[in-house]
file protein04.txt (compact mmCIF, C-alpha atoms and all ligand atoms)
# COMPACT_ATOMS: atom_id res chain seq x y z
CA MET J 1333 -125.30 -173.88 -210.52
CA ASN J 1334 -125.10 -170.13 -211.07
CA GLN J 1335 -128.74 -169.29 -211.23
CA SER J 1336 -129.82 -165.70 -210.85
CA PHE J 1337 -133.10 -165.62 -209.03
CA SER J 1338 -133.72 -161.91 -209.38
CA ASN J 1339 -135.27 -162.56 -212.79
CA GLU J 1340 -137.60 -165.23 -211.49
CA PRO J 1341 -141.13 -164.34 -210.43
CA GLU J 1342 -140.44 -165.85 -206.98
CA ALA J 1343 -138.05 -163.01 -206.18
CA HIS J 1344 -141.00 -160.60 -206.30
CA ASP J 1345 -143.66 -162.80 -204.70
CA PRO J 1346 -144.90 -160.89 -201.60
CA SER J 1347 -145.26 -164.06 -199.49
CA ILE J 1348 -141.67 -165.08 -200.31
CA GLN J 1349 -140.49 -161.59 -199.46
CA ALA J 1350 -142.35 -161.93 -196.14
CA LEU J 1351 -140.60 -165.27 -195.56
CA ILE J 1352 -137.19 -163.72 -196.23
CA ALA J 1353 -137.99 -160.84 -193.86
CA LEU J 1354 -139.05 -163.33 -191.17
CA ALA J 1355 -135.96 -165.51 -191.63
CA ARG J 1356 -133.40 -162.72 -191.89
CA PRO J 1357 -133.11 -161.91 -188.15
CA SER J 1358 -133.53 -165.56 -187.04
CA ARG J 1359 -130.58 -167.05 -185.17
CA ARG J 1360 -131.61 -170.66 -185.21
CA ILE J 1361 -133.78 -171.90 -188.06
CA VAL J 1362 -134.88 -175.52 -188.12
CA ALA J 1363 -136.36 -176.94 -191.33
CA PHE J 1364 -139.11 -179.54 -191.37
CA THR J 1365 -139.52 -181.20 -194.77
CA GLY J 1366 -142.07 -183.54 -196.30
CA ALA J 1367 -142.83 -185.17 -199.62
CA GLY J 1368 -143.36 -181.80 -201.35
CA ILE J 1369 -139.65 -181.00 -201.32
CA SER J 1370 -138.87 -184.17 -203.30
CA THR J 1371 -141.58 -184.02 -205.98
CA GLU J 1372 -139.25 -181.91 -208.17
CA SER J 1373 -136.82 -184.84 -207.98
CA GLY J 1374 -139.48 -187.11 -209.46
CA ILE J 1375 -140.50 -188.81 -206.22
CA PRO J 1376 -144.30 -188.91 -205.89
CA ASP J 1377 -145.99 -188.11 -202.58
CA TYR J 1378 -146.31 -191.53 -200.97
CA ARG J 1379 -149.77 -190.73 -199.69
CA GLY J 1380 -150.96 -189.35 -203.03
CA PRO J 1381 -152.52 -191.25 -205.96
CA GLY J 1382 -150.31 -194.16 -206.93
CA GLY J 1383 -148.30 -193.73 -203.73
CA VAL J 1384 -147.26 -196.81 -201.79
CA TRP J 1385 -149.83 -196.23 -199.05
CA GLN J 1386 -152.63 -196.48 -201.58
CA THR J 1387 -151.24 -199.37 -203.56
CA GLY J 1388 -150.62 -201.33 -200.37
CA GLN J 1389 -146.89 -201.98 -200.69
CA ILE J 1390 -146.14 -201.09 -197.07
CA PRO J 1391 -147.11 -204.01 -194.78
CA THR J 1392 -147.89 -203.79 -191.08
CA ILE J 1393 -145.06 -204.83 -188.77
CA SER J 1394 -147.02 -207.82 -187.39
CA ASP J 1395 -147.91 -209.05 -190.88
CA PHE J 1396 -144.24 -208.64 -191.85
CA ARG J 1397 -143.06 -210.63 -188.81
CA THR J 1398 -145.53 -213.49 -189.14
CA ASN J 1399 -146.18 -213.88 -192.86
CA PRO J 1400 -143.38 -215.22 -195.11
CA LYS J 1401 -145.47 -214.33 -198.17
CA THR J 1402 -145.57 -210.68 -197.07
CA ARG J 1403 -141.79 -210.64 -196.55
CA ARG J 1404 -141.11 -212.16 -199.95
CA ALA J 1405 -143.40 -209.59 -201.61
CA TYR J 1406 -141.66 -206.82 -199.64
CA TRP J 1407 -138.16 -207.85 -200.76
CA ASP J 1408 -139.38 -208.48 -204.28
CA GLY J 1409 -140.73 -204.91 -204.34
CA ARG J 1410 -137.47 -203.50 -202.97
CA ARG J 1411 -135.44 -205.39 -205.56
CA SER J 1412 -137.44 -203.83 -208.38
CA ARG J 1413 -137.85 -200.32 -206.92
CA TYR J 1414 -134.62 -199.57 -205.02
CA PRO J 1415 -132.40 -198.78 -208.03
CA GLU J 1416 -134.88 -196.16 -209.21
CA LEU J 1417 -134.94 -194.45 -205.82
CA ALA J 1418 -131.16 -194.67 -205.43
CA ALA J 1419 -130.77 -192.89 -208.79
CA LYS J 1420 -132.88 -189.87 -207.76
CA GLU J 1421 -131.04 -186.58 -207.49
CA PRO J 1422 -131.59 -183.71 -205.07
CA ASN J 1423 -133.29 -180.63 -206.54
CA ARG J 1424 -132.77 -176.94 -205.90
CA GLY J 1425 -134.97 -177.08 -202.79
CA HIS J 1426 -132.59 -179.57 -201.13
CA LEU J 1427 -129.56 -177.64 -202.42
CA ALA J 1428 -130.91 -174.34 -201.06
CA LEU J 1429 -131.37 -175.84 -197.58
CA THR J 1430 -127.82 -177.20 -197.67
CA ALA J 1431 -126.57 -173.75 -198.74
CA LEU J 1432 -128.47 -172.18 -195.85
CA GLN J 1433 -126.87 -174.68 -193.46
CA ARG J 1434 -123.40 -173.89 -194.80
CA ALA J 1435 -124.12 -170.19 -194.40
CA GLY J 1436 -124.96 -170.88 -190.75
CA ARG J 1437 -128.62 -169.98 -191.16
CA VAL J 1438 -130.27 -173.40 -190.84
CA GLY J 1439 -129.38 -175.97 -188.15
CA GLU J 1440 -131.17 -179.30 -188.24
CA ILE J 1441 -133.36 -180.57 -191.06
CA ILE J 1442 -136.16 -182.73 -189.70
CA THR J 1443 -137.64 -184.79 -192.52
CA GLN J 1444 -140.56 -187.13 -193.10
CA ASN J 1445 -138.85 -188.33 -196.28
CA ILE J 1446 -136.99 -191.61 -196.62
CA ASP J 1447 -135.19 -190.73 -199.86
CA GLY J 1448 -131.86 -189.52 -198.42
CA LEU J 1449 -131.83 -186.50 -200.75
CA HIS J 1450 -130.85 -183.96 -198.07
CA GLN J 1451 -127.64 -185.92 -197.48
CA LYS J 1452 -127.13 -186.37 -201.21
CA ALA J 1453 -127.42 -182.57 -201.57
CA GLY J 1454 -124.47 -182.30 -199.19
CA SER J 1455 -126.14 -181.78 -195.81
CA ASP J 1456 -124.15 -183.30 -192.94
CA PRO J 1457 -125.97 -186.58 -192.07
CA ALA J 1458 -125.62 -185.62 -188.38
CA THR J 1459 -127.94 -182.66 -189.01
CA VAL J 1460 -130.66 -184.62 -190.85
CA ILE J 1461 -133.27 -186.15 -188.56
CA GLU J 1462 -135.18 -188.85 -190.44
CA LEU J 1463 -138.52 -189.36 -188.67
CA HIS J 1464 -139.63 -192.21 -190.93
CA GLY J 1465 -136.20 -193.83 -191.33
CA SER J 1466 -134.29 -194.24 -194.58
CA SER J 1467 -134.65 -196.36 -197.69
CA HIS J 1468 -130.87 -196.47 -197.86
CA ARG J 1469 -130.44 -198.66 -194.79
CA VAL J 1470 -131.55 -202.17 -193.88
CA SER J 1471 -131.63 -203.38 -190.28
CA CYS J 1472 -132.00 -206.67 -188.39
CA LEU J 1473 -135.21 -207.09 -186.43
CA ALA J 1474 -133.42 -209.30 -183.91
CA CYS J 1475 -130.01 -207.75 -183.21
CA GLY J 1476 -130.43 -204.25 -184.65
CA ARG J 1477 -127.37 -204.39 -186.88
CA VAL J 1478 -127.62 -201.95 -189.81
CA TRP J 1479 -126.38 -202.37 -193.41
CA PRO J 1480 -126.30 -200.04 -196.40
CA ALA J 1481 -129.32 -200.93 -198.57
CA ALA J 1482 -126.99 -201.38 -201.56
CA THR J 1483 -125.26 -204.30 -199.79
CA ILE J 1484 -128.54 -206.13 -199.26
CA HIS J 1485 -129.67 -205.20 -202.76
CA ASP J 1486 -126.66 -207.07 -204.13
CA ARG J 1487 -127.77 -210.16 -202.21
CA LEU J 1488 -131.28 -209.83 -203.69
CA LEU J 1489 -129.79 -209.55 -207.16
CA ALA J 1490 -127.72 -212.64 -206.46
CA GLY J 1491 -130.96 -214.56 -206.00
CA GLU J 1492 -131.87 -214.41 -202.28
CA VAL J 1493 -135.63 -214.03 -201.92
CA GLU J 1494 -135.67 -213.19 -198.21
CA PRO J 1495 -132.25 -212.06 -196.97
CA ASP J 1496 -131.44 -212.75 -193.30
CA CYS J 1497 -128.94 -211.30 -190.84
CA GLU J 1498 -125.38 -212.55 -191.40
CA ILE J 1499 -124.64 -212.06 -187.70
CA CYS J 1500 -127.60 -213.65 -185.92
CA GLY J 1501 -129.77 -215.15 -188.66
CA GLY J 1502 -132.65 -212.80 -187.74
CA MET J 1503 -135.13 -211.23 -190.13
CA LEU J 1504 -133.99 -208.15 -192.00
CA ARG J 1505 -136.17 -205.19 -192.84
CA GLY J 1506 -135.76 -201.85 -194.55
CA ALA J 1507 -134.98 -199.12 -192.01
CA THR J 1508 -138.20 -197.27 -192.79
CA ILE J 1509 -141.26 -197.39 -190.59
CA LEU J 1510 -143.85 -199.93 -191.58
CA PHE J 1511 -147.57 -199.30 -191.62
CA GLY J 1512 -148.90 -198.46 -188.16
CA GLU J 1513 -145.44 -198.52 -186.61
CA SER J 1514 -144.25 -195.86 -184.13
CA LEU J 1515 -141.63 -193.33 -185.16
CA PRO J 1516 -138.06 -194.18 -184.07
CA LEU J 1517 -137.65 -192.83 -180.54
CA ASP J 1518 -134.17 -191.36 -180.98
CA ALA J 1519 -135.24 -189.41 -184.09
CA LEU J 1520 -138.35 -188.17 -182.33
CA ARG J 1521 -136.25 -187.03 -179.34
CA SER J 1522 -133.78 -185.16 -181.56
CA ALA J 1523 -136.63 -183.58 -183.51
CA THR J 1524 -138.40 -182.49 -180.33
CA SER J 1525 -135.20 -180.96 -179.01
CA ALA J 1526 -134.60 -179.09 -182.29
CA ALA J 1527 -138.21 -177.89 -182.42
CA THR J 1528 -138.19 -176.55 -178.88
CA THR J 1529 -134.90 -174.66 -179.21
CA CYS J 1530 -135.29 -173.03 -182.64
CA ASP J 1531 -136.48 -169.47 -183.18
CA LEU J 1532 -137.99 -170.21 -186.59
CA MET J 1533 -139.44 -173.43 -187.85
CA LEU J 1534 -139.53 -173.56 -191.63
CA VAL J 1535 -141.98 -176.19 -192.84
CA VAL J 1536 -141.44 -177.20 -196.48
CA GLY J 1537 -143.63 -179.51 -198.52
CA SER J 1538 -145.52 -181.16 -195.70
CA SER J 1539 -149.29 -181.12 -195.42
CA LEU J 1540 -148.84 -181.52 -191.64
CA VAL J 1541 -151.53 -184.16 -191.27
CA VAL J 1542 -149.55 -187.14 -189.94
CA ASN J 1543 -148.97 -187.15 -186.19
CA PRO J 1544 -146.84 -187.06 -184.15
CA ALA J 1545 -144.62 -185.40 -186.77
CA ALA J 1546 -147.23 -182.73 -187.46
CA LYS J 1547 -147.11 -181.73 -183.79
CA LEU J 1548 -143.49 -180.52 -184.08
CA PRO J 1549 -144.42 -177.09 -185.49
CA VAL J 1550 -146.93 -176.74 -182.64
CA LEU J 1551 -144.14 -177.54 -180.17
CA ALA J 1552 -141.90 -174.97 -181.83
CA ARG J 1553 -144.67 -172.38 -181.65
CA GLY J 1554 -145.25 -173.20 -177.98
CA GLY J 1555 -141.55 -172.61 -177.34
CA GLY J 1556 -141.82 -169.11 -178.75
CA ALA J 1557 -140.53 -169.79 -182.27
CA SER J 1558 -141.96 -168.23 -185.41
CA LEU J 1559 -143.54 -170.55 -187.95
CA ALA J 1560 -143.32 -170.41 -191.74
CA ILE J 1561 -145.06 -172.90 -194.02
CA VAL J 1562 -144.14 -173.46 -197.66
CA ASN J 1563 -146.62 -175.89 -199.18
CA ARG J 1564 -148.66 -176.19 -202.37
CA THR J 1565 -151.87 -176.91 -200.50
CA PRO J 1566 -153.42 -175.58 -197.25
CA THR J 1567 -152.34 -177.17 -193.96
CA PRO J 1568 -154.16 -177.31 -190.61
CA LEU J 1569 -151.52 -174.94 -189.14
CA ASP J 1570 -151.76 -172.16 -191.74
CA GLY J 1571 -153.88 -170.15 -189.30
CA VAL J 1572 -151.14 -170.01 -186.65
CA ALA J 1573 -148.22 -169.52 -189.06
CA ASP J 1574 -146.46 -166.16 -189.34
CA VAL J 1575 -145.95 -166.64 -193.07
CA VAL J 1576 -147.57 -169.07 -195.52
CA VAL J 1577 -146.11 -169.47 -199.00
CA ARG J 1578 -148.46 -171.41 -201.30
CA SER J 1579 -145.79 -172.35 -203.79
CA ASP J 1580 -143.25 -174.96 -204.84
CA ALA J 1581 -140.30 -175.70 -202.56
CA GLY J 1582 -137.53 -175.38 -205.14
CA PRO J 1583 -138.02 -171.82 -206.37
CA THR J 1584 -139.11 -170.57 -202.93
CA LEU J 1585 -136.09 -171.93 -201.06
CA SER J 1586 -133.77 -170.83 -203.84
CA ALA J 1587 -135.01 -167.26 -203.42
CA VAL J 1588 -134.50 -167.51 -199.64
CA ALA J 1589 -130.99 -168.98 -200.03
CA GLU J 1590 -130.12 -166.27 -202.51
CA ALA J 1591 -131.27 -163.57 -200.11
CA LEU J 1592 -129.83 -165.03 -196.89
CA GLY J 1593 -127.05 -167.34 -197.95
CA ARG J 1594 -123.75 -166.24 -199.30
CA GLY J 1595 -124.88 -166.28 -202.89
CA ALA J 1596 -123.35 -169.58 -203.93
CA LEU J 1597 -125.75 -172.49 -203.87
CA ALA J 1598 -124.52 -175.88 -202.75
CA GLN J 1599 -123.45 -178.53 -205.22
CA PRO J 1600 -124.54 -182.13 -204.72
CA ALA J 1601 -122.11 -184.23 -202.68
ZN ZN Y 1 -129.13 -209.80 -186.54
call {"tool": "encode", "arguments": {"input": "protein04.txt", "output": "structure tokens", "more": "lines below"}}
Ligand code: ZN
result
Amino acid sequence: MNQSFSNEPEAHDPSIQALIALARPSRRIVAFTGAGISTESGIPDYRGPGGVWQTGQIPTISDFRTNPKTRRAYWDGRRSRYPELAAKEPNRGHLALTALQRAGRVGEIITQNIDGLHQKAGSDPATVIELHGSSHRVSCLACGRVWPAATIHDRLLAGEVEPDCEICGGMLRGATILFGESLPLDALRSATSAATTCDLMLVVGSSLVVNPAAKLPVLARGGGASLAIVNRTPTPLDGVADVVVRSDAGPTLSAVAEALGRGALAQPA
């Protein structure tokens, strides 16, 4: 992917230039990504029109535990939708963040996304903190054992309507948070630690309205870090950010990676 960004309008956008100037001296940048980084990959914002939160495909955890009909509908939905998600490819926003990691400029990537595209772009899974879990894993509600989603998908294709745990017989669930469920504690701890030790938090494609995730930039700010926000629409934290870029993630991050990375953008893993 030998794109030259100097000919793109983003290279001359004053807010992107301000972002590059802010990021250049930073020693420890942590990225915080939301749905906006994945829209270029064809994944709609799950809170937007037609998103799963509006069409009611995400059940509550108690409904999931107690209602066999809910579980069957859940697995039926996964069987029809998972292949489409698994086929999605990272876009230049993901690739630029991976390039910035490889250049030693970005440490952790905290994400609200469940699509696994940061890892697919080549980011070390150990550096990606998934606050809402991952669509690519399935776990047992009873014993906690985790499987690749593809393994369970094969069982669904083979005709199981409600797959159970091969170890303990417990209920399985996708390893993404269900409606009204708390964020996974270990991810939240890692994210808090990253937020409080960075010197620049780079928010990309998140409208920063869902707590407690949206509090992470506030934590970073409280710890003395700078704050940059790249998002198509205004966020509640724009007023306290050092730089706000009201633009798409892909071209913006590409311009930053070009300026701060070592030129070569990452290739997908
Ligand atoms: Zn189990």
call {"tool": "closest_residue", "arguments": {"input": "protein04.txt", "among": "J:Arg1553, J:Arg1437, J:Arg1564, J:Arg1477", "to": "ligand ZN 1 (chain Y)", "atoms": "only C-alpha atoms and all ligand atoms"}}
result
J:Arg1477
call {"tool": "residues_near_ligand", "arguments": {"input": "protein04.txt", "ligand": "ligand ZN 1 (chain Y)", "cutoff": "9 Å", "atoms": "all atoms listed in the file", "output": "mmCIF file with C-alpha atoms, in the frame of the given file"}}
result
data_model
loop_
_atom_site.group_PDB
_atom_site.id
_atom_site.type_symbol
_atom_site.label_atom_id
_atom_site.label_comp_id
_atom_site.auth_asym_id
_atom_site.auth_seq_id
_atom_site.Cartn_x
_atom_site.Cartn_y
_atom_site.Cartn_z
ATOM 1 C CA SER J 1471 -131.630 -203.380 -190.280
ATOM 2 C CA CYS J 1472 -132.000 -206.670 -188.390
ATOM 3 C CA LEU J 1473 -135.210 -207.090 -186.430
ATOM 4 C CA ALA J 1474 -133.420 -209.300 -183.910
ATOM 5 C CA CYS J 1475 -130.010 -207.750 -183.210
ATOM 6 C CA GLY J 1476 -130.430 -204.250 -184.650
ATOM 7 C CA ARG J 1477 -127.370 -204.390 -186.880
ATOM 8 C CA VAL J 1478 -127.620 -201.950 -189.810
ATOM 9 C CA ASP J 1496 -131.440 -212.750 -193.300
ATOM 10 C CA CYS J 1497 -128.940 -211.300 -190.840
ATOM 11 C CA GLU J 1498 -125.380 -212.550 -191.400
ATOM 12 C CA ILE J 1499 -124.640 -212.060 -187.700
ATOM 13 C CA CYS J 1500 -127.600 -213.650 -185.920
ATOM 14 C CA GLY J 1501 -129.770 -215.150 -188.660
ATOM 15 C CA GLY J 1502 -132.650 -212.800 -187.740
ATOM 16 C CA MET J 1503 -135.130 -211.230 -190.130
ATOM 17 C CA LEU J 1504 -133.990 -208.150 -192.000
#
call {"tool": "residues_around", "arguments": {"input": "protein04.txt", "residues": "His1485 of chain J", "least_positions_apart": "3", "cutoff": "9 Å", "atoms": "all atoms listed in the file", "output": "ChimeraX atom specification"}}
result
/J:1410-1411,1414-1415,1480-1482,1488-1490
call {"tool": "residues_around", "arguments": {"input": "protein04.txt", "residues": "Phe1396 of chain J", "least_positions_apart": "3", "cutoff": "10 Å", "atoms": "only C-alpha atoms", "output": "PDB file with C-alpha atoms, in the coordinates of the input"}}
result
ATOM      1  CA  ILE J1390    -146.140-201.090-197.070  1.00  0.00           C
ATOM      2  CA  PRO J1391    -147.110-204.010-194.780  1.00  0.00           C
ATOM      3  CA  THR J1392    -147.890-203.790-191.080  1.00  0.00           C
ATOM      4  CA  ILE J1393    -145.060-204.830-188.770  1.00  0.00           C
ATOM      5  CA  ASN J1399    -146.180-213.880-192.860  1.00  0.00           C
ATOM      6  CA  PRO J1400    -143.380-215.220-195.110  1.00  0.00           C
ATOM      7  CA  LYS J1401    -145.470-214.330-198.170  1.00  0.00           C
ATOM      8  CA  THR J1402    -145.570-210.680-197.070  1.00  0.00           C
ATOM      9  CA  ARG J1403    -141.790-210.640-196.550  1.00  0.00           C
ATOM     10  CA  ARG J1404    -141.110-212.160-199.950  1.00  0.00           C
ATOM     11  CA  ALA J1405    -143.400-209.590-201.610  1.00  0.00           C
ATOM     12  CA  TYR J1406    -141.660-206.820-199.640  1.00  0.00           C
ATOM     13  CA  MET J1503    -135.130-211.230-190.130  1.00  0.00           C
ATOM     14  CA  ARG J1505    -136.170-205.190-192.840  1.00  0.00           C
ATOM     15  CA  LEU J1510    -143.850-199.930-191.580  1.00  0.00           C
ATOM     16  CA  PHE J1511    -147.570-199.300-191.620  1.00  0.00           C
TER      17      PHE J1511
END
call {"tool": "closest_residue", "arguments": {"input": "protein04.txt", "among": "J:Gly1465, J:Pro1583, J:Pro1549, J:Gly1512", "to": "Asn1445 of chain J", "atoms": "only C-alpha atoms"}}
result
J:Gly1465
call {"tool": "atom_distance", "arguments": {"input": "protein04.txt", "atom1": "atom CA of Gly1425 of chain J", "atom2": "atom CA of Glu1372 of chain J"}}
result
8.4 Å
call {"tool": "closest_residue", "arguments": {"input": "protein04.txt", "among": "J:Leu1463, J:Ala1591, J:Ala1573, J:Ala1526", "to": "Ala1545 of chain J", "atoms": "all atoms listed in the file"}}
result
J:Leu1463
call {"tool": "residues_around", "arguments": {"input": "protein04.txt", "residues": "His1450 of chain J", "least_positions_apart": "5", "cutoff": "9 Å", "atoms": "all atoms listed in the file", "output": "ChimeraX atom specification"}}
result
/J:1422,1426-1427,1429-1430,1441,1443,1455-1457,1460
call {"tool": "write_last_selection", "arguments": {"input": "protein04.txt", "atoms": "C-alpha atoms", "output": "PDB file, in the frame of the given file"}}
result
ATOM      1  CA  PRO J1422    -131.590-183.710-205.070  1.00  0.00           C
ATOM      2  CA  HIS J1426    -132.590-179.570-201.130  1.00  0.00           C
ATOM      3  CA  LEU J1427    -129.560-177.640-202.420  1.00  0.00           C
ATOM      4  CA  LEU J1429    -131.370-175.840-197.580  1.00  0.00           C
ATOM      5  CA  THR J1430    -127.820-177.200-197.670  1.00  0.00           C
ATOM      6  CA  ILE J1441    -133.360-180.570-191.060  1.00  0.00           C
ATOM      7  CA  THR J1443    -137.640-184.790-192.520  1.00  0.00           C
ATOM      8  CA  SER J1455    -126.140-181.780-195.810  1.00  0.00           C
ATOM      9  CA  ASP J1456    -124.150-183.300-192.940  1.00  0.00           C
ATOM     10  CA  PRO J1457    -125.970-186.580-192.070  1.00  0.00           C
ATOM     11  CA  VAL J1460    -130.660-184.620-190.850  1.00  0.00           C
TER      12      VAL J1460
END
call {"tool": "residues_around", "arguments": {"input": "protein04.txt", "residues": "Thr1529 of chain J", "least_positions_apart": "6", "cutoff": "10 Å", "atoms": "all atoms listed in the file", "output": "MDAnalysis selection string"}}
result
chainID J and resid 1360:1362 1551:1552 1555:1557
call {"tool": "residues_around", "arguments": {"input": "protein04.txt", "residues": "Ala1367 of chain J", "least_positions_apart": "5", "cutoff": "7 Å", "atoms": "all atoms listed in the file", "output": "MDAnalysis selection string"}}
result
chainID J and resid 1377 1445 1537:1538
call {"tool": "atom_distance", "arguments": {"input": "protein04.txt", "atom1": "atom CA of Leu1532 of chain J", "atom2": "atom CA of Thr1371 of chain J"}}
result
24.1 Å
call {"tool": "closest_residue", "arguments": {"input": "protein04.txt", "among": "J:Ser1579, J:Ser1358, J:Thr1483, J:Ser1467", "to": "Asn1563 of chain J", "atoms": "all atoms listed in the file"}}
result
J:Ser1579
call {"tool": "atom_distance", "arguments": {"input": "protein04.txt", "atom1": "atom CA of Ala1519 of chain J", "atom2": "atom CA of Ala1587 of chain J"}}
result
29.4 Å
call {"tool": "build_atoms", "arguments": {"input": "protein04.txt", "residues": "segment 1501-1516 of chain J", "atoms": "N, CA, C and O atoms", "output": "PDB file, in the frame of the given file"}}
result
ATOM      1  N   GLY J1501    -128.766-214.362-187.937  1.00  0.00           N
ATOM      2  CA  GLY J1501    -129.770-215.150-188.660  1.00  0.00           C
ATOM      3  C   GLY J1501    -131.178-214.578-188.574  1.00  0.00           C
ATOM      4  O   GLY J1501    -132.132-215.178-189.064  1.00  0.00           O
ATOM      5  N   GLY J1502    -131.322-213.411-187.922  1.00  0.00           N
ATOM      6  CA  GLY J1502    -132.650-212.800-187.740  1.00  0.00           C
ATOM      7  C   GLY J1502    -133.215-212.257-189.043  1.00  0.00           C
ATOM      8  O   GLY J1502    -132.551-212.230-190.080  1.00  0.00           O
ATOM      9  N   MET J1503    -134.468-211.817-188.960  1.00  0.00           N
ATOM     10  CA  MET J1503    -135.130-211.230-190.130  1.00  0.00           C
ATOM     11  C   MET J1503    -134.585-209.827-190.383  1.00  0.00           C
ATOM     12  O   MET J1503    -134.399-209.048-189.454  1.00  0.00           O
ATOM     13  N   LEU J1504    -134.367-209.519-191.640  1.00  0.00           N
ATOM     14  CA  LEU J1504    -133.990-208.150-192.000  1.00  0.00           C
ATOM     15  C   LEU J1504    -135.236-207.379-192.444  1.00  0.00           C
ATOM     16  O   LEU J1504    -136.222-207.972-192.855  1.00  0.00           O
ATOM     17  N   ARG J1505    -135.111-206.074-192.360  1.00  0.00           N
ATOM     18  CA  ARG J1505    -136.170-205.190-192.840  1.00  0.00           C
ATOM     19  C   ARG J1505    -135.544-203.887-193.305  1.00  0.00           C
ATOM     20  O   ARG J1505    -134.455-203.533-192.855  1.00  0.00           O
ATOM     21  N   GLY J1506    -136.213-203.185-194.192  1.00  0.00           N
ATOM     22  CA  GLY J1506    -135.760-201.850-194.550  1.00  0.00           C
ATOM     23  C   GLY J1506    -135.894-200.947-193.342  1.00  0.00           C
ATOM     24  O   GLY J1506    -136.819-201.113-192.542  1.00  0.00           O
ATOM     25  N   ALA J1507    -134.961-199.987-193.196  1.00  0.00           N
ATOM     26  CA  ALA J1507    -134.980-199.120-192.010  1.00  0.00           C
ATOM     27  C   ALA J1507    -135.940-197.949-192.194  1.00  0.00           C
ATOM     28  O   ALA J1507    -135.627-196.800-191.925  1.00  0.00           O
ATOM     29  N   THR J1508    -137.133-198.274-192.694  1.00  0.00           N
ATOM     30  CA  THR J1508    -138.200-197.270-192.790  1.00  0.00           C
ATOM     31  C   THR J1508    -139.384-197.803-192.004  1.00  0.00           C
ATOM     32  O   THR J1508    -139.567-199.020-191.900  1.00  0.00           O
ATOM     33  N   ILE J1509    -140.180-196.894-191.433  1.00  0.00           N
ATOM     34  CA  ILE J1509    -141.260-197.390-190.590  1.00  0.00           C
ATOM     35  C   ILE J1509    -142.314-198.098-191.442  1.00  0.00           C
ATOM     36  O   ILE J1509    -142.619-197.702-192.555  1.00  0.00           O
ATOM     37  N   LEU J1510    -142.807-199.170-190.906  1.00  0.00           N
ATOM     38  CA  LEU J1510    -143.850-199.930-191.580  1.00  0.00           C
ATOM     39  C   LEU J1510    -145.204-199.378-191.158  1.00  0.00           C
ATOM     40  O   LEU J1510    -145.307-198.556-190.245  1.00  0.00           O
ATOM     41  N   PHE J1511    -146.235-199.833-191.847  1.00  0.00           N
ATOM     42  CA  PHE J1511    -147.570-199.300-191.620  1.00  0.00           C
ATOM     43  C   PHE J1511    -147.991-199.477-190.156  1.00  0.00           C
ATOM     44  O   PHE J1511    -147.894-200.568-189.605  1.00  0.00           O
ATOM     45  N   GLY J1512    -148.429-198.384-189.535  1.00  0.00           N
ATOM     46  CA  GLY J1512    -148.900-198.460-188.160  1.00  0.00           C
ATOM     47  C   GLY J1512    -147.811-198.512-187.116  1.00  0.00           C
ATOM     48  O   GLY J1512    -148.095-198.627-185.921  1.00  0.00           O
ATOM     49  N   GLU J1513    -146.554-198.432-187.542  1.00  0.00           N
ATOM     50  CA  GLU J1513    -145.440-198.520-186.610  1.00  0.00           C
ATOM     51  C   GLU J1513    -145.130-197.141-186.002  1.00  0.00           C
ATOM     52  O   GLU J1513    -145.324-196.126-186.663  1.00  0.00           O
ATOM     53  N   SER J1514    -144.607-197.126-184.760  1.00  0.00           N
ATOM     54  CA  SER J1514    -144.250-195.860-184.130  1.00  0.00           C
ATOM     55  C   SER J1514    -143.001-195.282-184.776  1.00  0.00           C
ATOM     56  O   SER J1514    -142.188-196.004-185.336  1.00  0.00           O
ATOM     57  N   LEU J1515    -142.847-193.963-184.664  1.00  0.00           N
ATOM     58  CA  LEU J1515    -141.630-193.330-185.160  1.00  0.00           C
ATOM     59  C   LEU J1515    -140.451-193.759-184.291  1.00  0.00           C
ATOM     60  O   LEU J1515    -140.621-194.026-183.104  1.00  0.00           O
ATOM     61  N   PRO J1516    -139.240-193.830-184.880  1.00  0.00           N
ATOM     62  CA  PRO J1516    -138.060-194.180-184.070  1.00  0.00           C
ATOM     63  C   PRO J1516    -137.860-193.155-182.951  1.00  0.00           C
ATOM     64  O   PRO J1516    -137.878-191.944-183.197  1.00  0.00           O
TER      65      PRO J1516
END
